[in-house]
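> Just so it is clear, I am handing over model_39.pdb, which has PDB, C-alpha atoms.
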```pdb
ATOM      1  CA  MET A  34      -2.766  17.364 -30.461
ATOM      2  CA  TYR A  35       1.004  16.850 -30.371
ATOM      3  CA  ALA A  36       2.726  14.409 -32.735
ATOM      4  CA  GLY A  37      -0.669  12.930 -33.529
ATOM      5  CA  GLN A  38      -1.568  12.292 -29.881
ATOM      6  CA  PRO A  39      -3.837  14.331 -27.579
ATOM      7  CA  VAL A  40      -1.781  16.461 -25.202
ATOM      8  CA  GLU A  41      -3.749  15.130 -22.215
ATOM      9  CA  ASP A  42      -2.806  11.544 -23.102
ATOM     10  CA  ARG A  43       0.870  12.457 -23.371
ATOM     11  CA  GLN A  44       0.728  14.176 -19.992
ATOM     12  CA  ARG A  45      -0.926  11.150 -18.379
ATOM     13  CA  GLN A  46       1.692   8.852 -19.859
ATOM     14  CA  ARG A  47       4.492  11.121 -18.704
ATOM     15  CA  ARG A  48       3.078  11.303 -15.178
ATOM     16  CA  ALA A  49       2.726   7.516 -15.128
ATOM     17  CA  ARG A  50       6.391   7.154 -16.157
ATOM     18  CA  PHE A  51       7.494   9.412 -13.311
ATOM     19  CA  LEU A  52       5.382   7.440 -10.837
ATOM     20  CA  GLU A  53       6.822   4.150 -12.058
ATOM     21  CA  SER A  54      10.360   5.506 -11.864
ATOM     22  CA  GLY A  55       9.723   6.989  -8.436
ATOM     23  CA  LEU A  56       8.585   3.569  -7.268
ATOM     24  CA  THR A  57      11.774   2.013  -8.607
ATOM     25  CA  VAL A  58      14.168   4.659  -7.286
ATOM     26  CA  PHE A  59      12.581   5.039  -3.835
ATOM     27  CA  ALA A  60      12.587   1.270  -3.342
ATOM     28  CA  ARG A  61      16.126   0.808  -4.697
ATOM     29  CA  ASP A  62      17.924   3.788  -3.146
ATOM     30  CA  GLY A  63      15.624   4.673  -0.259
ATOM     31  CA  TYR A  64      13.596   7.871  -0.199
ATOM     32  CA  ALA A  65      16.187   9.736   1.877
ATOM     33  CA  ASN A  66      18.962   8.913  -0.599
ATOM     34  CA  SER A  67      16.933   9.479  -3.768
ATOM     35  CA  SER A  68      17.010  12.492  -6.061
ATOM     36  CA  VAL A  69      14.883  14.078  -8.741
ATOM     37  CA  GLY A  70      17.785  13.536 -11.112
ATOM     38  CA  ALA A  71      17.798   9.787 -10.520
ATOM     39  CA  ILE A  72      14.041   9.614 -11.061
ATOM     40  CA  CYS A  73      14.285  11.593 -14.294
ATOM     41  CA  LYS A  74      17.128   9.419 -15.536
ATOM     42  CA  ASP A  75      15.151   6.257 -14.858
ATOM     43  CA  ALA A  76      12.090   7.728 -16.579
ATOM     44  CA  GLY A  77      14.069   9.042 -19.538
ATOM     45  CA  LEU A  78      12.536  12.481 -19.025
ATOM     46  CA  SER A  79      13.835  15.913 -18.037
ATOM     47  CA  SER A  80      13.723  17.675 -14.688
ATOM     48  CA  ARG A  81      11.672  20.416 -16.348
ATOM     49  CA  GLN A  82       9.050  17.829 -17.233
ATOM     50  CA  PHE A  83       9.207  16.463 -13.681
ATOM     51  CA  TYR A  84       8.470  19.855 -12.135
ATOM     52  CA  GLU A  85       5.568  20.344 -14.514
ATOM     53  CA  GLU A  86       3.960  17.333 -12.819
ATOM     54  CA  PHE A  87       5.221  17.429  -9.219
ATOM     55  CA  THR A  88       6.490  20.036  -6.780
ATOM     56  CA  GLY A  89       9.264  17.701  -5.653
ATOM     57  CA  ARG A  90      10.110  14.221  -4.403
ATOM     58  CA  GLU A  91       7.689  14.510  -1.511
ATOM     59  CA  SER A  92       4.664  15.145  -3.713
ATOM     60  CA  LEU A  93       5.649  12.174  -5.878
ATOM     61  CA  LEU A  94       6.021   9.973  -2.794
ATOM     62  CA  LEU A  95       2.636  11.084  -1.458
ATOM     63  CA  GLU A  96       0.886  10.265  -4.730
ATOM     64  CA  LEU A  97       2.597   6.888  -4.975
ATOM     65  CA  TYR A  98       1.737   6.053  -1.377
ATOM     66  CA  GLU A  99      -1.893   7.101  -1.781
ATOM     67  CA  GLN A 100      -2.211   5.011  -4.946
ATOM     68  CA  ILE A 101      -0.678   1.870  -3.430
ATOM     69  CA  ASP A 102      -2.660   2.177  -0.202
ATOM     70  CA  ARG A 103      -5.963   2.902  -1.967
ATOM     71  CA  GLU A 104      -5.608  -0.082  -4.288
ATOM     72  CA  SER A 105      -4.798  -2.451  -1.433
ATOM     73  CA  ARG A 106      -7.579  -1.112   0.823
ATOM     74  CA  GLU A 107     -10.130  -1.362  -1.979
ATOM     75  CA  ALA A 108      -9.031  -4.948  -2.653
ATOM     76  CA  VAL A 109      -9.482  -5.887   1.014
ATOM     77  CA  ALA A 110     -12.804  -4.042   1.372
ATOM     78  CA  ALA A 111     -14.193  -5.740  -1.751
ATOM     79  CA  THR A 112     -13.075  -9.136  -0.479
ATOM     80  CA  ILE A 113     -14.762  -8.590   2.888
ATOM     81  CA  ALA A 114     -17.976  -7.392   1.221
ATOM     82  CA  GLU A 115     -18.066 -10.379  -1.138
ATOM     83  CA  ARG A 116     -17.834 -12.824   1.758
ATOM     84  CA  SER A 117     -20.419 -11.444   4.141
ATOM     85  CA  ASP A 118     -21.774 -14.953   4.788
ATOM     86  CA  ALA A 119     -18.373 -16.596   5.307
ATOM     87  CA  THR A 120     -16.828 -17.476   8.656
ATOM     88  CA  ALA A 121     -14.406 -15.094  10.354
ATOM     89  CA  ILE A 122     -11.469 -17.346   9.503
ATOM     90  CA  GLU A 123     -12.490 -17.558   5.853
ATOM     91  CA  ILE A 124     -12.808 -13.777   5.670
ATOM     92  CA  ILE A 125      -9.425 -13.268   7.349
ATOM     93  CA  ASP A 126      -7.699 -15.676   4.959
ATOM     94  CA  ALA A 127      -9.291 -14.061   1.902
ATOM     95  CA  ALA A 128      -8.619 -10.500   3.084
ATOM     96  CA  VAL A 129      -4.980 -11.229   3.914
ATOM     97  CA  ARG A 130      -4.516 -12.864   0.512
ATOM     98  CA  ALA A 131      -6.076  -9.836  -1.219
ATOM     99  CA  TYR A 132      -3.787  -7.478   0.697
ATOM    100  CA  ILE A 133      -0.636  -9.430  -0.052
ATOM    101  CA  GLU A 134      -1.564  -9.864  -3.704
ATOM    102  CA  SER A 135      -2.087  -6.105  -3.982
ATOM    103  CA  ILE A 136       0.876  -4.743  -2.055
ATOM    104  CA  GLY A 137       3.346  -7.592  -1.549
ATOM    105  CA  ARG A 138       3.767  -9.171  -4.975
ATOM    106  CA  ASP A 139       5.750  -6.145  -6.144
ATOM    107  CA  PRO A 140       8.523  -5.669  -3.556
ATOM    108  CA  ARG A 141       8.859  -2.044  -4.640
ATOM    109  CA  LYS A 142       5.306  -1.293  -3.535
ATOM    110  CA  ALA A 143       5.791  -2.991  -0.186
ATOM    111  CA  ARG A 144       9.088  -1.188   0.381
ATOM    112  CA  VAL A 145       7.722   2.260  -0.442
ATOM    113  CA  ALA A 146       4.340   1.965   1.311
ATOM    114  CA  LEU A 147       5.519   0.075   4.398
ATOM    115  CA  VAL A 148       9.069   1.344   4.959
ATOM    116  CA  GLU A 149      10.102   4.427   2.996
ATOM    117  CA  VAL A 150       7.123   6.573   4.016
ATOM    118  CA  VAL A 151       7.995   6.155   7.707
ATOM    119  CA  GLY A 152       9.901   9.211   8.857
ATOM    120  CA  ALA A 153       9.892  10.786   5.378
ATOM    121  CA  GLY A 154       8.757  14.140   6.777
ATOM    122  CA  PRO A 155       5.917  15.758   8.755
ATOM    123  CA  LYS A 156       3.517  15.965   5.802
ATOM    124  CA  VAL A 157       4.073  12.344   4.811
ATOM    125  CA  GLU A 158       3.787  11.204   8.426
ATOM    126  CA  LYS A 159       0.504  13.056   8.877
ATOM    127  CA  PHE A 160      -0.857  11.411   5.747
ATOM    128  CA  ARG A 161       0.424   8.004   6.866
ATOM    129  CA  LEU A 162      -1.472   8.308  10.148
ATOM    130  CA  GLU A 163      -4.632   9.332   8.280
ATOM    131  CA  LEU A 164      -4.413   6.234   6.115
ATOM    132  CA  ARG A 165      -3.727   4.066   9.143
ATOM    133  CA  ARG A 166      -6.930   5.389  10.727
ATOM    134  CA  ALA A 167      -8.813   4.460   7.547
ATOM    135  CA  TRP A 168      -7.420   0.928   7.792
ATOM    136  CA  GLY A 169      -8.331   0.857  11.470
ATOM    137  CA  ALA A 170     -11.937   1.800  10.716
ATOM    138  CA  LEU A 171     -12.198  -0.884   8.019
ATOM    139  CA  LEU A 172     -10.764  -3.651  10.187
ATOM    140  CA  ALA A 173     -12.665  -2.623  13.325
ATOM    141  CA  SER A 174     -15.910  -2.696  11.344
ATOM    142  CA  ALA A 175     -15.130  -6.214  10.120
ATOM    143  CA  ALA A 176     -14.333  -7.327  13.687
ATOM    144  CA  GLU A 177     -17.529  -5.801  15.044
ATOM    145  CA  ASP A 178     -19.516  -7.606  12.370
ATOM    146  CA  ALA A 179     -17.891 -10.900  13.351
ATOM    147  CA  ALA A 180     -18.692 -10.182  17.007
ATOM    148  CA  MET A 181     -22.355  -9.564  16.135
ATOM    149  CA  HIS A 182     -22.437 -13.043  14.608
ATOM    150  CA  GLY A 183     -20.924 -14.528  17.760
ATOM    151  CA  GLU A 184     -17.672 -15.624  16.108
ATOM    152  CA  ILE A 185     -15.441 -13.485  18.313
ATOM    153  CA  PRO A 186     -16.089 -11.843  21.680
ATOM    154  CA  PRO A 187     -17.300  -8.226  21.650
ATOM    155  CA  GLY A 188     -14.888  -5.558  22.760
ATOM    156  CA  ASP A 189     -13.006  -2.378  21.970
ATOM    157  CA  TYR A 190     -10.988  -3.190  18.875
ATOM    158  CA  GLU A 191      -9.125   0.110  18.447
ATOM    159  CA  MET A 192      -5.847  -0.943  20.068
ATOM    160  CA  ARG A 193      -6.146  -4.503  18.789
ATOM    161  CA  VAL A 194      -6.494  -3.282  15.223
ATOM    162  CA  LEU A 195      -3.331  -1.168  15.572
ATOM    163  CA  ALA A 196      -1.445  -4.264  16.706
ATOM    164  CA  ILE A 197      -2.813  -6.212  13.748
ATOM    165  CA  ILE A 198      -1.808  -3.522  11.241
ATOM    166  CA  GLY A 199       1.742  -3.410  12.574
ATOM    167  CA  ALA A 200       2.165  -7.186  12.590
ATOM    168  CA  VAL A 201       0.682  -7.705   9.138
ATOM    169  CA  ASN A 202       2.782  -4.962   7.545
ATOM    170  CA  TYR A 203       5.992  -6.219   9.133
ATOM    171  CA  VAL A 204       5.386  -9.768   7.913
ATOM    172  CA  VAL A 205       4.296  -8.672   4.413
ATOM    173  CA  ASP A 206       7.367  -6.457   4.006
ATOM    174  CA  ALA A 207       9.658  -9.298   5.100
ATOM    175  CA  TRP A 208       7.885 -11.789   2.812
ATOM    176  CA  SER A 209       7.892  -9.440  -0.167
ATOM    177  CA  GLY A 210      11.648  -8.901   0.030
ATOM    178  CA  SER A 211      12.558 -12.551   0.641
ATOM    179  CA  ASP A 212      14.330 -14.622  -1.990
ATOM    180  CA  PRO A 213      13.044 -17.229  -2.245
ATOM    181  CA  ARG A 214       9.678 -16.286  -0.801
ATOM    182  CA  PRO A 215       7.977 -18.684   1.593
ATOM    183  CA  PRO A 216       4.703 -20.124   0.230
ATOM    184  CA  LEU A 217       1.918 -17.558   0.381
ATOM    185  CA  ASP A 218      -0.407 -20.015   2.128
ATOM    186  CA  ASP A 219       2.133 -20.333   4.970
ATOM    187  CA  VAL A 220       2.196 -16.557   5.408
ATOM    188  CA  ILE A 221      -1.600 -16.387   5.418
ATOM    189  CA  HIS A 222      -1.738 -19.131   8.064
ATOM    190  CA  VAL A 223       0.693 -17.250  10.324
ATOM    191  CA  LEU A 224      -1.168 -13.957   9.953
ATOM    192  CA  ARG A 225      -4.528 -15.649  10.566
ATOM    193  CA  ARG A 226      -3.249 -16.909  13.929
ATOM    194  CA  ILE A 227      -1.953 -13.435  14.824
ATOM    195  CA  ILE A 228      -5.220 -11.733  13.847
ATOM    196  CA  MET A 229      -7.446 -14.271  15.609
ATOM    197  CA  GLY A 230      -5.278 -14.027  18.703
ATOM    198  CA  ALA A 231      -5.600 -10.247  18.732
ATOM    199  CA  VAL A 232      -9.387 -10.123  18.312
ATOM    200  CA  THR A 233     -10.277 -13.028  20.593
ATOM    201  CA  ALA A 234      -7.924 -12.325  23.521
TER
END
```
Just give me the structure as structure tokens.

Amino acid sequence: MYAGQPVEDRQRQRRARFLESGLTVFARDGYANSSVGAICKDAGLSSRQFYEEFTGRESLLLELYEQIDRESREAVAATIAERSDATAIEIIDAAVRAYIESIGRDPRKARVALVEVVGAGPKVEKFRLELRRAWGALLASAAEDAAMHGEIPPGDYEMRVLAIIGAVNYVVDAWSGSDPRPPLDDVIHVLRRIIMGAVTA
């Protein structure tokens, strides 16, 4: 116990403050222009406390990225699973909405996960490609399921899925940072046409 609170709880809260501040600073200043000092200042904590939690900015970025990506992928996977009897278009609309709601509503998340991780260093890039493969497997599986039901033609979806991931992320990043934002339904409609075009061509 410390000041009437379990030490583990204080550590979790401190780590959460650093993650929140990292999200803010990386999105505001850009990862390349950020510093541990700026993160600590935003969090109201010391650099000593920072290095008790993280080895440096890169480890903070990796944890943030993993958290954002995992939450958005779980949201999409759950949406697809819940709508196993829906049409391909209904599943696409629902999955795109789940993704945007998870990653695009907070422009900081979209900026960090879709822009700042690109080119942030070899370790981050390796991890980014691993997560992209996980997305590819999820989306290819959904496309193959739709093909089994005769809604789209069968085929090799590997390259098509990569095109879809790139297009969706570009549009979501642009939408997230827009002021004012276009209506979400309009964005979903555009992405549905892109996705259907990619899997049915």
> Residues within 12 Å of Ala49 (chain A), please, as a CSV table (one decimal) with C-alpha atoms, keeping the file's coordinate frame. Count all atoms listed in the file; anything in the same chain fewer than 3 positions from it doesn't count.

```csv
chain,number,residue,atom,x,y,z
A,42,ASP,CA,-2.8,11.5,-23.1
A,43,ARG,CA,0.9,12.5,-23.4
A,44,GLN,CA,0.7,14.2,-20.0
A,45,ARG,CA,-0.9,11.2,-18.4
A,46,GLN,CA,1.7,8.9,-19.9
A,52,LEU,CA,5.4,7.4,-10.8
A,53,GLU,CA,6.8,4.2,-12.1
A,54,SER,CA,10.4,5.5,-11.9
A,55,GLY,CA,9.7,7.0,-8.4
A,56,LEU,CA,8.6,3.6,-7.3
A,76,ALA,CA,12.1,7.7,-16.6
A,78,LEU,CA,12.5,12.5,-19.0
A,83,PHE,CA,9.2,16.5,-13.7
A,86,GLU,CA,4.0,17.3,-12.8
A,87,PHE,CA,5.2,17.4,-9.2
A,93,LEU,CA,5.6,12.2,-5.9
A,96,GLU,CA,0.9,10.3,-4.7
A,97,LEU,CA,2.6,6.9,-5.0
A,100,GLN,CA,-2.2,5.0,-4.9
```
> Distance CA of Thr57 (chain A)-CA of Arg141 (chain A), one decimal place?
6.4 Å
> Give me the region 53-168 of chain A side of the contact with region 182-193 of chain A, cut-off 10 Å, one line per residue showing its nearest atom pair and distance in Å at one decimal, counting all atoms listed in the file, sorted by chain and residue number, as a tab-separated table.

```
residue	atom	partner	partner_atom	distance
A:Thr120	CA	A:Glu184	CA	7.7
A:Ala121	CA	A:Glu184	CA	6.6
A:Ile122	CA	A:Glu184	CA	9.2
A:Arg166	CA	A:Glu191	CA	9.6
```
> Using all atoms listed in the file, find the one residue out of A:Ala114, A:Ala143, A:Ala153, A:Ala200 that sits nearest to Ser67 (chain A).
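Of A:Ala114, A:Ala143, A:Ala153, A:Ala200, the one nearest Ser67 (chain A), counting all atoms listed in the file, is A:Ala153.
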> Kindly indicate which residue among A:Leu94, A:Ala231, A:Val150, A:Ala128 lies nearest to Ser68 (chain A), using all atoms listed in the file for the distances.
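Using all atoms listed in the file, Ser68 (chain A) sits closest to A:Leu94.
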> A:Pro216, A:Leu95, A:Asn66, A:Arg144: which is nearest Lys159 (chain A), counting all atoms listed in the file?
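Distance minimum relative to Lys159 (chain A) lands on A:Leu95.
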> Looking at A:Val194, A:Ser135, A:Glu149, A:Pro215, which one is nearest to Ser174 (chain A), with distances taken over all atoms listed in the file?
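Using all atoms listed in the file, Ser174 (chain A) sits closest to A:Val194.
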> Given the file shown, enumerate the residues that the PyMOL selection byres ((chain A and resi 124) around 12) captures and present them as a PDB file with C-alpha atoms, keeping the file's coordinate frame.

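Dumped everything to part_7.pdb:
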```
ATOM      1  CA  VAL A 109      -9.482  -5.887   1.014  1.00  0.00           C
ATOM      2  CA  ALA A 110     -12.804  -4.042   1.372  1.00  0.00           C
ATOM      3  CA  ALA A 111     -14.193  -5.740  -1.751  1.00  0.00           C
ATOM      4  CA  THR A 112     -13.075  -9.136  -0.479  1.00  0.00           C
ATOM      5  CA  ILE A 113     -14.762  -8.590   2.888  1.00  0.00           C
ATOM      6  CA  ALA A 114     -17.976  -7.392   1.221  1.00  0.00           C
ATOM      7  CA  GLU A 115     -18.066 -10.379  -1.138  1.00  0.00           C
ATOM      8  CA  ARG A 116     -17.834 -12.824   1.758  1.00  0.00           C
ATOM      9  CA  SER A 117     -20.419 -11.444   4.141  1.00  0.00           C
ATOM     10  CA  ASP A 118     -21.774 -14.953   4.788  1.00  0.00           C
ATOM     11  CA  ALA A 119     -18.373 -16.596   5.307  1.00  0.00           C
ATOM     12  CA  THR A 120     -16.828 -17.476   8.656  1.00  0.00           C
ATOM     13  CA  ALA A 121     -14.406 -15.094  10.354  1.00  0.00           C
ATOM     14  CA  ILE A 122     -11.469 -17.346   9.503  1.00  0.00           C
ATOM     15  CA  GLU A 123     -12.490 -17.558   5.853  1.00  0.00           C
ATOM     16  CA  ILE A 125      -9.425 -13.268   7.349  1.00  0.00           C
ATOM     17  CA  ASP A 126      -7.699 -15.676   4.959  1.00  0.00           C
ATOM     18  CA  ALA A 127      -9.291 -14.061   1.902  1.00  0.00           C
ATOM     19  CA  ALA A 128      -8.619 -10.500   3.084  1.00  0.00           C
ATOM     20  CA  VAL A 129      -4.980 -11.229   3.914  1.00  0.00           C
ATOM     21  CA  ARG A 130      -4.516 -12.864   0.512  1.00  0.00           C
ATOM     22  CA  ALA A 131      -6.076  -9.836  -1.219  1.00  0.00           C
ATOM     23  CA  LEU A 172     -10.764  -3.651  10.187  1.00  0.00           C
ATOM     24  CA  ALA A 175     -15.130  -6.214  10.120  1.00  0.00           C
ATOM     25  CA  ALA A 176     -14.333  -7.327  13.687  1.00  0.00           C
ATOM     26  CA  ASP A 178     -19.516  -7.606  12.370  1.00  0.00           C
ATOM     27  CA  ALA A 179     -17.891 -10.900  13.351  1.00  0.00           C
ATOM     28  CA  GLU A 184     -17.672 -15.624  16.108  1.00  0.00           C
ATOM     29  CA  ILE A 221      -1.600 -16.387   5.418  1.00  0.00           C
ATOM     30  CA  ARG A 225      -4.528 -15.649  10.566  1.00  0.00           C
ATOM     31  CA  ILE A 228      -5.220 -11.733  13.847  1.00  0.00           C
ATOM     32  CA  MET A 229      -7.446 -14.271  15.609  1.00  0.00           C
TER      33      MET A 229
END
```
> When you draw a straight line from CA of Val58 (chain A) to CA of Val205 (chain A), how long is it in Å?
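Going from CA of Val58 (chain A) over to CA of Val205 (chain A) covers 20.3 Å.
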> Which residues are close to Arg138 (chain A), i.e. within 10 Å by all atoms listed in the file, leaving aside same-chain residues fewer than 5 positions away? Reply as a PyMOL selection string.
chain A and resi 132-133+143+205+208-210
> Can you list what the PyMOL selection byres ((chain A and resi 161) around 10) grabs from this structure, as a tab-separated table (two decimals) with C-alpha atoms, keeping the file's coordinate frame?

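Output file expr.tsv is given in full below:
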```
chain	number	residue	atom	x	y	z
A	95	LEU	CA	2.64	11.08	-1.46
A	98	TYR	CA	1.74	6.05	-1.38
A	99	GLU	CA	-1.89	7.10	-1.78
A	102	ASP	CA	-2.66	2.18	-0.20
A	146	ALA	CA	4.34	1.96	1.31
A	147	LEU	CA	5.52	0.08	4.40
A	150	VAL	CA	7.12	6.57	4.02
A	151	VAL	CA	8.00	6.16	7.71
A	152	GLY	CA	9.90	9.21	8.86
A	153	ALA	CA	9.89	10.79	5.38
A	155	PRO	CA	5.92	15.76	8.76
A	156	LYS	CA	3.52	15.96	5.80
A	157	VAL	CA	4.07	12.34	4.81
A	158	GLU	CA	3.79	11.20	8.43
A	159	LYS	CA	0.50	13.06	8.88
A	160	PHE	CA	-0.86	11.41	5.75
A	162	LEU	CA	-1.47	8.31	10.15
A	163	GLU	CA	-4.63	9.33	8.28
A	164	LEU	CA	-4.41	6.23	6.12
A	165	ARG	CA	-3.73	4.07	9.14
A	166	ARG	CA	-6.93	5.39	10.73
A	167	ALA	CA	-8.81	4.46	7.55
```
> For a test of reading the model, state the distance in Å between CA of Met181 (chain A) and CA of Arg226 (chain A), rounded to one decimal.
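Between CA of Met181 (chain A) and CA of Arg226 (chain A) the gap is 20.6 Å.
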> Counting all atoms listed in the file, which residue out of A:Ala71, A:Ile136, A:Arg61, A:Ala173 sits closest to Ala108 (chain A)?
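When distances to Ala108 (chain A) are compared using all atoms listed in the file, the smallest one comes from A:Ile136.
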> Kindly provide, as JSON, the centre and edge lengths (Å, one decimal) of an axis-aligned box around all atoms of region 120-138 of chain A given in the file, with 8 Å on each side.

```
{"center_x": -6.5, "center_y": -11.2, "center_z": 2.7, "size_x": 36.6, "size_y": 28.8, "size_z": 31.3}
```
> Given the choices A:Leu195, A:Asp212, A:Glu134, A:Gly89, which gets closest to Glu104 (chain A) if the distance is worked out from all atoms listed in the file?
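So, comparing all the options, the nearest one is A:Glu134.
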